[in-house]
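What follows is the content of start_6.cif (mmCIF, C-alpha atoms).
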data_query
#
loop_
_atom_site.group_PDB
_atom_site.id
_atom_site.type_symbol
_atom_site.label_atom_id
_atom_site.label_comp_id
_atom_site.auth_asym_id
_atom_site.auth_seq_id
_atom_site.Cartn_x
_atom_site.Cartn_y
_atom_site.Cartn_z
ATOM 1 C CA MET A 1 1.654 21.732 0.829
ATOM 2 C CA THR A 2 0.090 23.163 3.991
ATOM 3 C CA LEU A 3 0.459 26.773 5.037
ATOM 4 C CA THR A 4 -0.628 27.623 8.556
ATOM 5 C CA GLN A 5 0.451 31.164 9.354
ATOM 6 C CA PRO A 6 -2.649 33.380 9.521
ATOM 7 C CA ALA A 7 -2.325 37.110 9.164
ATOM 8 C CA SER A 8 -2.099 38.771 12.584
ATOM 9 C CA SER A 9 -5.303 40.754 12.031
ATOM 10 C CA ALA A 10 -7.277 37.828 10.633
ATOM 11 C CA PRO A 11 -10.093 36.289 12.684
ATOM 12 C CA GLU A 12 -9.623 32.951 14.400
ATOM 13 C CA ARG A 13 -11.139 30.300 12.181
ATOM 14 C CA VAL A 14 -12.867 27.252 13.642
ATOM 15 C CA ALA A 15 -12.925 23.894 11.879
ATOM 16 C CA THR A 16 -16.065 21.782 12.011
ATOM 17 C CA ARG A 17 -16.037 18.068 11.314
ATOM 18 C CA ARG A 18 -17.397 17.146 7.900
ATOM 19 C CA THR A 19 -18.861 13.967 6.460
ATOM 20 C CA VAL A 20 -18.352 13.540 2.738
ATOM 21 C CA LEU A 21 -18.961 11.037 -0.021
ATOM 22 C CA MET A 22 -16.269 10.245 -2.589
ATOM 23 C CA CYS A 23 -15.798 7.863 -5.535
ATOM 24 C CA ARG A 24 -12.393 6.411 -6.426
ATOM 25 C CA PRO A 25 -11.686 7.126 -10.128
ATOM 26 C CA SER A 26 -10.996 3.499 -11.036
ATOM 27 C CA HIS A 27 -12.796 3.955 -14.372
ATOM 28 C CA PHE A 28 -11.702 7.511 -15.094
ATOM 29 C CA THR A 29 -10.950 8.519 -18.656
ATOM 30 C CA VAL A 30 -12.112 11.214 -21.062
ATOM 31 C CA SER A 31 -14.054 9.422 -23.780
ATOM 32 C CA TYR A 32 -16.564 12.156 -24.695
ATOM 33 C CA ARG A 33 -16.773 15.948 -24.594
ATOM 34 C CA ILE A 34 -19.502 17.659 -22.598
ATOM 35 C CA ASN A 35 -17.538 20.658 -21.291
ATOM 36 C CA PRO A 36 -14.675 22.848 -22.570
ATOM 37 C CA TRP A 37 -12.095 21.084 -20.408
ATOM 38 C CA MET A 38 -12.602 17.677 -22.012
ATOM 39 C CA HIS A 39 -10.542 16.583 -25.016
ATOM 40 C CA PRO A 40 -11.115 12.879 -25.730
ATOM 41 C CA GLU A 41 -8.408 12.915 -28.390
ATOM 42 C CA ALA A 42 -5.791 13.561 -25.680
ATOM 43 C CA PRO A 43 -4.459 10.699 -23.528
ATOM 44 C CA THR A 44 -5.453 10.269 -19.889
ATOM 45 C CA ASP A 45 -3.749 8.266 -17.160
ATOM 46 C CA THR A 46 -6.211 6.419 -14.927
ATOM 47 C CA SER A 47 -3.529 5.272 -12.500
ATOM 48 C CA LEU A 48 -2.320 8.850 -12.058
ATOM 49 C CA ALA A 49 -5.890 10.024 -11.501
ATOM 50 C CA VAL A 50 -6.276 7.413 -8.774
ATOM 51 C CA ARG A 51 -3.024 8.429 -7.070
ATOM 52 C CA GLN A 52 -3.973 12.112 -7.109
ATOM 53 C CA TRP A 53 -7.458 11.309 -5.806
ATOM 54 C CA GLU A 54 -5.941 9.213 -3.011
ATOM 55 C CA THR A 55 -3.914 12.256 -1.926
ATOM 56 C CA LEU A 56 -7.151 14.208 -1.527
ATOM 57 C CA TYR A 57 -8.774 11.286 0.288
ATOM 58 C CA ALA A 58 -5.815 11.054 2.676
ATOM 59 C CA LYS A 59 -5.942 14.798 3.343
ATOM 60 C CA TYR A 60 -9.582 14.570 4.368
ATOM 61 C CA LEU A 61 -8.801 11.722 6.758
ATOM 62 C CA GLU A 62 -5.880 13.698 8.170
ATOM 63 C CA LEU A 63 -8.227 16.610 8.863
ATOM 64 C CA GLY A 64 -10.629 14.338 10.725
ATOM 65 C CA PHE A 65 -13.366 14.106 8.112
ATOM 66 C CA GLU A 66 -15.604 11.076 7.922
ATOM 67 C CA VAL A 67 -15.224 9.855 4.346
ATOM 68 C CA GLN A 68 -17.720 7.426 2.867
ATOM 69 C CA LEU A 69 -17.191 5.782 -0.504
ATOM 70 C CA ILE A 70 -19.445 4.819 -3.386
ATOM 71 C CA ASP A 71 -18.199 2.257 -5.900
ATOM 72 C CA GLY A 72 -17.678 3.600 -9.399
ATOM 73 C CA LEU A 73 -19.318 1.729 -12.247
ATOM 74 C CA PRO A 74 -17.689 0.688 -15.540
ATOM 75 C CA GLY A 75 -18.650 2.988 -18.377
ATOM 76 C CA LEU A 76 -19.303 5.928 -16.036
ATOM 77 C CA PRO A 77 -15.920 7.686 -15.923
ATOM 78 C CA ASP A 78 -17.363 10.861 -14.375
ATOM 79 C CA MET A 79 -18.723 9.154 -11.247
ATOM 80 C CA VAL A 80 -15.546 10.371 -9.542
ATOM 81 C CA TYR A 81 -17.194 13.803 -9.501
ATOM 82 C CA ALA A 82 -19.371 12.837 -6.554
ATOM 83 C CA ALA A 83 -20.611 16.381 -5.925
ATOM 84 C CA ASN A 84 -22.813 16.067 -8.997
ATOM 85 C CA GLY A 85 -24.551 12.973 -7.613
ATOM 86 C CA GLY A 86 -27.108 14.851 -5.525
ATOM 87 C CA PHE A 87 -27.683 17.394 -2.773
ATOM 88 C CA VAL A 88 -27.930 16.202 0.824
ATOM 89 C CA LEU A 89 -29.335 18.325 3.646
ATOM 90 C CA ASP A 90 -31.457 17.644 6.752
ATOM 91 C CA GLY A 91 -31.179 13.917 6.125
ATOM 92 C CA ILE A 92 -32.862 14.294 2.724
ATOM 93 C CA ALA A 93 -31.045 13.415 -0.492
ATOM 94 C CA TYR A 94 -32.370 15.208 -3.576
ATOM 95 C CA GLY A 95 -31.191 13.120 -6.489
ATOM 96 C CA ALA A 96 -29.462 14.320 -9.632
ATOM 97 C CA LYS A 97 -30.936 14.252 -13.118
ATOM 98 C CA PHE A 98 -28.086 14.849 -15.540
ATOM 99 C CA GLN A 99 -28.374 16.879 -18.691
ATOM 100 C CA TYR A 100 -26.139 14.750 -20.895
ATOM 101 C CA PRO A 101 -26.988 11.105 -21.727
ATOM 102 C CA GLU A 102 -23.418 10.033 -20.983
ATOM 103 C CA ARG A 103 -23.897 10.847 -17.303
ATOM 104 C CA GLN A 104 -27.571 10.050 -16.776
ATOM 105 C CA PRO A 105 -27.015 6.555 -15.262
ATOM 106 C CA GLU A 106 -25.064 8.204 -12.431
ATOM 107 C CA GLY A 107 -28.268 9.649 -10.963
ATOM 108 C CA PRO A 108 -29.893 6.312 -10.066
ATOM 109 C CA ALA A 109 -26.553 4.908 -8.860
ATOM 110 C CA TYR A 110 -26.160 7.712 -6.350
ATOM 111 C CA MET A 111 -29.816 7.576 -5.295
ATOM 112 C CA ASP A 112 -29.440 3.847 -4.598
ATOM 113 C CA TRP A 113 -26.452 4.625 -2.385
ATOM 114 C CA PHE A 114 -28.314 7.389 -0.522
ATOM 115 C CA GLY A 115 -31.241 5.078 0.186
ATOM 116 C CA ALA A 116 -28.991 2.267 1.384
ATOM 117 C CA ASP A 117 -27.216 4.688 3.731
ATOM 118 C CA GLY A 118 -30.450 5.738 5.386
ATOM 119 C CA PHE A 119 -31.220 9.031 3.694
ATOM 120 C CA GLU A 120 -34.722 9.985 2.643
ATOM 121 C CA VAL A 121 -34.423 10.085 -1.140
ATOM 122 C CA ARG A 122 -36.369 12.533 -3.282
ATOM 123 C CA GLU A 123 -36.339 11.736 -6.976
ATOM 124 C CA PRO A 124 -35.823 14.786 -9.179
ATOM 125 C CA VAL A 125 -38.313 16.020 -11.738
ATOM 126 C CA SER A 126 -36.135 18.774 -13.206
ATOM 127 C CA THR A 127 -32.645 18.553 -14.640
ATOM 128 C CA ASN A 128 -30.071 19.235 -11.933
ATOM 129 C CA GLU A 129 -26.502 18.228 -11.213
ATOM 130 C CA GLY A 130 -26.562 18.160 -7.455
ATOM 131 C CA GLU A 131 -24.024 19.942 -5.313
ATOM 132 C CA GLY A 132 -22.204 20.943 -8.444
ATOM 133 C CA ASP A 133 -24.855 23.666 -8.729
ATOM 134 C CA PHE A 134 -26.295 23.822 -5.190
ATOM 135 C CA LEU A 135 -24.194 25.226 -2.348
ATOM 136 C CA LEU A 136 -25.308 25.912 1.221
ATOM 137 C CA VAL A 137 -24.111 29.163 2.817
ATOM 138 C CA GLY A 138 -25.541 29.747 6.269
ATOM 139 C CA GLU A 139 -29.202 28.772 5.987
ATOM 140 C CA THR A 140 -29.468 29.721 2.316
ATOM 141 C CA ILE A 141 -29.030 27.487 -0.717
ATOM 142 C CA TYR A 142 -27.314 29.244 -3.625
ATOM 143 C CA ALA A 143 -28.339 27.510 -6.817
ATOM 144 C CA GLY A 144 -26.663 27.784 -10.195
ATOM 145 C CA THR A 145 -28.254 27.672 -13.613
ATOM 146 C CA GLY A 146 -27.294 28.589 -17.155
ATOM 147 C CA PHE A 147 -25.528 25.472 -18.397
ATOM 148 C CA ARG A 148 -26.553 22.343 -16.486
ATOM 149 C CA SER A 149 -29.207 22.632 -13.764
ATOM 150 C CA ASP A 150 -32.614 23.930 -14.838
ATOM 151 C CA ALA A 151 -34.013 26.845 -12.827
ATOM 152 C CA ALA A 152 -37.097 24.708 -12.158
ATOM 153 C CA SER A 153 -34.936 22.524 -9.933
ATOM 154 C CA HIS A 154 -34.551 25.531 -7.639
ATOM 155 C CA ASP A 155 -38.293 25.392 -6.993
ATOM 156 C CA GLU A 156 -37.903 21.720 -6.104
ATOM 157 C CA LEU A 157 -35.227 22.670 -3.575
ATOM 158 C CA ARG A 158 -37.581 25.206 -1.976
ATOM 159 C CA ARG A 159 -40.355 22.646 -1.646
ATOM 160 C CA ILE A 160 -38.125 19.891 -0.323
ATOM 161 C CA TYR A 161 -36.027 21.807 2.185
ATOM 162 C CA GLY A 162 -38.108 24.854 3.083
ATOM 163 C CA ARG A 163 -35.024 27.069 2.799
ATOM 164 C CA GLU A 164 -34.342 30.279 0.965
ATOM 165 C CA VAL A 165 -32.983 29.434 -2.487
ATOM 166 C CA VAL A 166 -31.121 32.140 -4.394
ATOM 167 C CA THR A 167 -30.674 31.655 -8.139
ATOM 168 C CA LEU A 168 -27.309 32.569 -9.653
ATOM 169 C CA THR A 169 -26.937 32.518 -13.438
ATOM 170 C CA LEU A 170 -23.634 31.391 -14.942
ATOM 171 C CA VAL A 171 -22.527 32.868 -18.275
ATOM 172 C CA ASP A 172 -19.016 31.505 -18.985
ATOM 173 C CA PRO A 173 -18.976 27.968 -20.498
ATOM 174 C CA SER A 174 -15.684 27.154 -18.756
ATOM 175 C CA PHE A 175 -17.462 27.571 -15.422
ATOM 176 C CA TYR A 176 -20.533 25.520 -16.133
ATOM 177 C CA HIS A 177 -21.273 24.443 -12.564
ATOM 178 C CA LEU A 178 -21.656 26.849 -9.655
ATOM 179 C CA ASP A 179 -18.922 25.075 -7.701
ATOM 180 C CA THR A 180 -16.359 25.976 -10.367
ATOM 181 C CA ALA A 181 -16.949 29.709 -9.854
ATOM 182 C CA PHE A 182 -18.151 30.023 -6.242
ATOM 183 C CA ALA A 183 -16.628 28.539 -3.086
ATOM 184 C CA VAL A 184 -18.059 28.350 0.429
ATOM 185 C CA LEU A 185 -15.299 29.148 2.919
ATOM 186 C CA ASP A 186 -17.287 29.509 6.128
ATOM 187 C CA SER A 187 -20.719 27.991 6.594
ATOM 188 C CA ASP A 188 -21.814 30.810 8.927
ATOM 189 C CA GLY A 189 -22.911 32.815 5.892
ATOM 190 C CA GLY A 190 -21.184 36.028 6.912
ATOM 191 C CA ARG A 191 -20.059 38.927 4.723
ATOM 192 C CA GLY A 192 -16.778 37.253 3.816
ATOM 193 C CA SER A 193 -17.801 33.608 3.888
ATOM 194 C CA VAL A 194 -17.367 32.911 0.170
ATOM 195 C CA ALA A 195 -15.012 33.387 -2.754
ATOM 196 C CA TYR A 196 -16.045 33.771 -6.374
ATOM 197 C CA LEU A 197 -15.081 34.718 -9.921
ATOM 198 C CA PRO A 198 -17.074 37.825 -10.926
ATOM 199 C CA LYS A 199 -16.948 37.263 -14.686
ATOM 200 C CA ALA A 200 -18.647 33.875 -14.352
ATOM 201 C CA PHE A 201 -22.014 35.473 -13.438
ATOM 202 C CA ASP A 202 -24.567 37.642 -15.173
ATOM 203 C CA ALA A 203 -25.089 41.193 -13.940
ATOM 204 C CA ALA A 204 -28.098 40.416 -11.744
ATOM 205 C CA SER A 205 -26.326 37.522 -10.025
ATOM 206 C CA LEU A 206 -23.181 39.547 -9.525
ATOM 207 C CA ALA A 207 -25.241 42.260 -7.838
ATOM 208 C CA ILE A 208 -26.663 39.675 -5.437
ATOM 209 C CA LEU A 209 -23.194 38.421 -4.546
ATOM 210 C CA GLN A 210 -21.841 41.915 -4.043
ATOM 211 C CA GLU A 211 -24.739 42.827 -1.763
ATOM 212 C CA ARG A 212 -24.710 39.651 0.325
ATOM 213 C CA PHE A 213 -20.959 39.059 0.478
ATOM 214 C CA PRO A 214 -19.249 42.473 0.356
ATOM 215 C CA ASP A 215 -16.089 41.033 1.930
ATOM 216 C CA ALA A 216 -15.832 37.985 -0.342
ATOM 217 C CA ILE A 217 -12.528 36.865 -1.820
ATOM 218 C CA LEU A 218 -12.395 37.609 -5.552
ATOM 219 C CA VAL A 219 -10.113 35.223 -7.383
ATOM 220 C CA THR A 220 -7.932 35.932 -10.385
ATOM 221 C CA ASP A 221 -8.609 34.528 -13.835
ATOM 222 C CA GLU A 222 -5.405 32.507 -13.514
ATOM 223 C CA ASP A 223 -6.532 30.780 -10.334
ATOM 224 C CA ALA A 224 -10.014 30.176 -11.722
ATOM 225 C CA ALA A 225 -8.457 28.593 -14.824
ATOM 226 C CA VAL A 226 -7.006 25.771 -12.700
ATOM 227 C CA LEU A 227 -10.370 25.386 -10.929
ATOM 228 C CA GLY A 228 -8.949 26.998 -7.811
ATOM 229 C CA LEU A 229 -12.470 27.876 -6.664
ATOM 230 C CA ASN A 230 -13.492 24.247 -6.900
ATOM 231 C CA SER A 231 -12.418 23.854 -3.288
ATOM 232 C CA PHE A 232 -13.749 22.464 -0.018
ATOM 233 C CA SER A 233 -13.588 24.057 3.419
ATOM 234 C CA ASP A 234 -14.348 22.965 6.977
ATOM 235 C CA GLY A 235 -14.408 26.582 8.152
ATOM 236 C CA ARG A 236 -10.670 26.737 8.792
ATOM 237 C CA ASN A 237 -8.914 24.336 6.445
ATOM 238 C CA VAL A 238 -9.521 24.969 2.748
ATOM 239 C CA ILE A 239 -8.415 22.308 0.269
ATOM 240 C CA ILE A 240 -7.644 23.967 -3.056
ATOM 241 C CA ALA A 241 -5.811 23.386 -6.322
ATOM 242 C CA ALA A 242 -2.072 23.555 -5.622
ATOM 243 C CA ARG A 243 -1.547 25.953 -8.518
ATOM 244 C CA ALA A 244 -4.039 28.564 -7.233
ATOM 245 C CA LYS A 245 -1.313 30.690 -5.640
ATOM 246 C CA ASP A 246 -3.078 34.030 -5.294
ATOM 247 C CA PHE A 247 -6.154 32.351 -3.849
ATOM 248 C CA GLU A 248 -3.818 30.652 -1.373
ATOM 249 C CA ARG A 249 -2.361 34.024 -0.416
ATOM 250 C CA GLN A 250 -5.767 35.593 0.099
ATOM 251 C CA LEU A 251 -6.942 32.684 2.226
ATOM 252 C CA ILE A 252 -3.941 33.035 4.521
ATOM 253 C CA GLU A 253 -4.609 36.754 4.877
ATOM 254 C CA ARG A 254 -8.170 35.932 6.009
ATOM 255 C CA GLY A 255 -6.994 33.437 8.634
ATOM 256 C CA PHE A 256 -7.749 30.245 6.728
ATOM 257 C CA THR A 257 -5.299 27.366 6.357
ATOM 258 C CA PRO A 258 -5.036 26.374 2.685
ATOM 259 C CA HIS A 259 -3.958 22.880 1.655
ATOM 260 C CA GLY A 260 -2.926 22.583 -1.975
ATOM 261 C CA VAL A 261 -3.465 19.304 -3.813
ATOM 262 C CA ASP A 262 -2.683 18.371 -7.398
ATOM 263 C CA LEU A 263 -5.680 16.944 -9.255
ATOM 264 C CA SER A 264 -4.358 17.853 -12.685
ATOM 265 C CA GLU A 265 -5.439 14.551 -14.235
ATOM 266 C CA LEU A 266 -9.017 14.931 -13.027
ATOM 267 C CA LEU A 267 -8.973 18.505 -14.333
ATOM 268 C CA LEU A 268 -8.896 16.942 -17.809
ATOM 269 C CA GLY A 269 -12.502 15.923 -17.168
ATOM 270 C CA GLY A 270 -13.447 19.362 -15.882
ATOM 271 C CA GLY A 271 -13.327 18.636 -12.155
ATOM 272 C CA GLY A 272 -11.308 19.497 -9.087
ATOM 273 C CA VAL A 273 -11.431 19.193 -5.315
ATOM 274 C CA LYS A 274 -15.079 20.098 -4.790
ATOM 275 C CA CYS A 275 -16.244 18.062 -7.742
ATOM 276 C CA CYS A 276 -14.826 15.002 -5.996
ATOM 277 C CA THR A 277 -16.565 15.847 -2.724
ATOM 278 C CA LEU A 278 -20.259 15.578 -1.839
ATOM 279 C CA GLU A 279 -21.110 16.767 1.669
ATOM 280 C CA LEU A 280 -23.505 14.553 3.615
ATOM 281 C CA ARG A 281 -25.615 16.535 6.109
ATOM 282 C CA ARG A 282 -27.959 14.514 8.286
#
Rewrite the structure from the file as structure tokens, please.
Amino acid sequence: MTLTQPASSAPERVATRRTVLMCRPSHFTVSYRINPWMHPEAPTDTSLAVRQWETLYAKYLELGFEVQLIDGLPGLPDMVYAANGGFVLDGIAYGAKFQYPERQPEGPAYMDWFGADGFEVREPVSTNEGEGDFLLVGETIYAGTGFRSDAASHDELRRIYGREVVTLTLVDPSFYHLDTAFAVLDSDGGRGSVAYLPKAFDAASLAILQERFPDAILVTDEDAAVLGLNSFSDGRNVIIAARAKDFERQLIERGFTPHGVDLSELLLGGGGVKCCTLELRR
């Protein structure tokens, strides 16, 4: 599904080429429960997860993205959620240090890949789950905490990158990573460059978002419940959950081109489009 008709009054959106890292879900299953989406007693279909992931992969190639791949490892079913593997900016890869033991081996695996690909790797001291909780908007890093990444990791970001880091506290367990409740639509950092779910944040964080992004898209509970905000944008094209219909409508009204994909099998592990996508910025 691709919808291309922008509203007549919407600004002209400009796509910028992106480089991303992905991991084919060859070992995907749900064998433990570390978030509210996961139910290990329910069956999963690895082959279906792979087919759905390949649709997302093909969409990125169609849009002109450079897509690099990391090999998944047996026993690490959540490696498909590449966004959690680190945060990459200015040629520096800040590695992930996962909260739950089930995912902790992913951190070194991703750091090995970053080093082999020529990035300067910084090993983490504090618990953090990479771009799942760290999102760049303009020149500012918005950093989530409350469920996974420790607020101390935000200080590490400041030291490593020399950028403004704004802490946002998450309060709803269903939206345990920042990228499940907050989406970057336009990297210019303007008043309407993001979308978010208000109820996912504490009052202080919500006040920050309202002040900095007064023209943001606010998504419905229904769209958030299918991880509609767990999306990825190149500034014009926004890849979202196919079932996030009102979000799709709002994007069109703002001049974006939404592309709906079905990652329903990967949703069983608590991830969507953005979870499968780690941006590489050299």
Which residues would end up in the selection if the PyMOL selection byres ((chain A and resi 173-181) around 7) were applied here, given that I need the answer as a short mmCIF file (atom, residue, chain, number, x, y, z; two decimals) with C-alpha atoms, in the frame of the given file?
data_model
loop_
_atom_site.label_atom_id
_atom_site.label_comp_id
_atom_site.auth_asym_id
_atom_site.auth_seq_id
_atom_site.Cartn_x
_atom_site.Cartn_y
_atom_site.Cartn_z
CA PRO A 36 -14.68 22.85 -22.57
CA GLY A 132 -22.20 20.94 -8.44
CA ASP A 133 -24.86 23.67 -8.73
CA GLY A 144 -26.66 27.78 -10.20
CA PHE A 147 -25.53 25.47 -18.40
CA ARG A 148 -26.55 22.34 -16.49
CA LEU A 170 -23.63 31.39 -14.94
CA VAL A 171 -22.53 32.87 -18.27
CA ASP A 172 -19.02 31.50 -18.98
CA PHE A 182 -18.15 30.02 -6.24
CA ALA A 183 -16.63 28.54 -3.09
CA TYR A 196 -16.05 33.77 -6.37
CA LEU A 197 -15.08 34.72 -9.92
CA ALA A 200 -18.65 33.88 -14.35
CA LEU A 227 -10.37 25.39 -10.93
CA LEU A 229 -12.47 27.88 -6.66
CA ASN A 230 -13.49 24.25 -6.90
CA LYS A 274 -15.08 20.10 -4.79
#
Given all atoms listed in the file as the counted atoms, nearest of A:Phe247, A:Phe256, A:Tyr142, A:Tyr94 to Asp186 in chain A: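 For Asp186 in chain A, the nearest of the given residues is A:Phe256.
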Ground truth for the PyMOL selection byres ((chain A and resi 239) around 10), written as a list in words: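 Listing what the PyMOL selection byres ((chain A and resi 239) around 10) selects in the shown file: Thr2, Leu56, Lys59, Tyr60, Gly228, Leu229, Asn230, Ser231, Phe232, Ser233, Asp234, Arg236, Asn237, Val238, Ile240, Ala241, Ala242, Glu248, Thr257, Pro258, His259, Gly260, Val261, Val273 and Lys274 of chain A.
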Box time for range 147-161 of chain A: axis-aligned, enclosing all its listed atoms, 8 Å extra on each side; report centre and edge lengths in Å to one decimal, as lines of an AutoDock Vina configuration file.
center_x = -32.9
center_y = 23.4
center_z = -8.1
size_x = 30.8
size_y = 23.0
size_z = 36.6
Proximity to Thr29 in chain A - best of A:Ile70, A:Leu136, A:Met79, A:Val166, all atoms listed in the file: A:Met79
The PyMOL selection byres ((chain A and resi 100) around 12) applied to the shown file, residues as a list in words: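 Residues picked by the PyMOL selection byres ((chain A and resi 100) around 12): Tyr32, Arg33, Ile34, Asn35, Asp78, Ala96, Lys97, Phe98, Gln99, Pro101, Glu102, Arg103, Gln104, Pro105, Glu106, Gly107, Thr127, Asn128, Glu129, Phe147, Arg148 and Ser149 of chain A.
Minimum atom-to-atom distances from A:Cys23, A:Met38, A:Leu63, A:Leu89 to Leu76 in chain A were compared using all atoms listed in the file, and the lowest value belongs to A:Cys23.
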For range 164-171 of chain A, supply all heavy atoms and format the output as a CSV table (one decimal), in the coordinates of the input.
chain,number,residue,atom,x,y,z
A,164,GLU,N,-34.5,29.3,2.0
A,164,GLU,CA,-34.3,30.3,1.0
A,164,GLU,C,-33.4,29.7,-0.1
A,164,GLU,O,-32.3,29.2,0.2
A,164,GLU,CB,-33.7,31.6,1.5
A,164,GLU,CG,-33.5,32.6,0.5
A,164,GLU,CD,-32.8,33.9,1.0
A,164,GLU,OE1,-32.0,33.7,1.9
A,164,GLU,OE2,-33.0,35.0,0.4
A,165,VAL,N,-33.8,29.9,-1.4
A,165,VAL,CA,-33.0,29.4,-2.5
A,165,VAL,C,-32.8,30.6,-3.4
A,165,VAL,O,-33.7,31.3,-3.8
A,165,VAL,CB,-33.6,28.3,-3.3
A,165,VAL,CG1,-32.8,27.9,-4.5
A,165,VAL,CG2,-33.9,27.1,-2.4
A,166,VAL,N,-31.5,31.0,-3.6
A,166,VAL,CA,-31.1,32.1,-4.4
A,166,VAL,C,-30.5,31.7,-5.7
A,166,VAL,O,-29.5,30.9,-5.7
A,166,VAL,CB,-30.1,33.0,-3.6
A,166,VAL,CG1,-29.6,34.2,-4.6
A,166,VAL,CG2,-30.7,33.6,-2.4
A,167,THR,N,-31.1,32.1,-6.8
A,167,THR,CA,-30.7,31.7,-8.1
A,167,THR,C,-29.5,32.5,-8.6
A,167,THR,O,-29.6,33.8,-8.5
A,167,THR,CB,-31.8,31.7,-9.2
A,167,THR,OG1,-32.8,30.8,-8.8
A,167,THR,CG2,-31.3,31.5,-10.6
A,168,LEU,N,-28.5,31.9,-9.1
A,168,LEU,CA,-27.3,32.6,-9.7
A,168,LEU,C,-27.1,32.0,-11.1
A,168,LEU,O,-27.0,30.8,-11.3
A,168,LEU,CB,-26.0,32.3,-8.8
A,168,LEU,CG,-26.1,32.8,-7.4
A,168,LEU,CD1,-24.8,32.4,-6.6
A,168,LEU,CD2,-26.2,34.3,-7.3
A,169,THR,N,-27.0,32.9,-12.0
A,169,THR,CA,-26.9,32.5,-13.4
A,169,THR,C,-25.5,32.6,-13.9
A,169,THR,O,-24.9,33.7,-13.8
A,169,THR,CB,-27.8,33.4,-14.3
A,169,THR,OG1,-29.2,33.3,-13.9
A,169,THR,CG2,-27.7,33.0,-15.8
A,170,LEU,N,-25.0,31.5,-14.4
A,170,LEU,CA,-23.6,31.4,-14.9
A,170,LEU,C,-23.6,31.7,-16.4
A,170,LEU,O,-24.5,31.3,-17.2
A,170,LEU,CB,-23.1,30.0,-14.7
A,170,LEU,CG,-23.0,29.5,-13.2
A,170,LEU,CD1,-23.0,28.0,-13.1
A,170,LEU,CD2,-21.8,30.2,-12.6
A,171,VAL,N,-22.6,32.4,-16.9
A,171,VAL,CA,-22.5,32.9,-18.3
A,171,VAL,C,-21.3,32.5,-19.0
A,171,VAL,O,-21.2,32.7,-20.2
A,171,VAL,CB,-22.7,34.4,-18.4
A,171,VAL,CG1,-24.1,34.8,-17.9
A,171,VAL,CG2,-21.6,35.1,-17.6
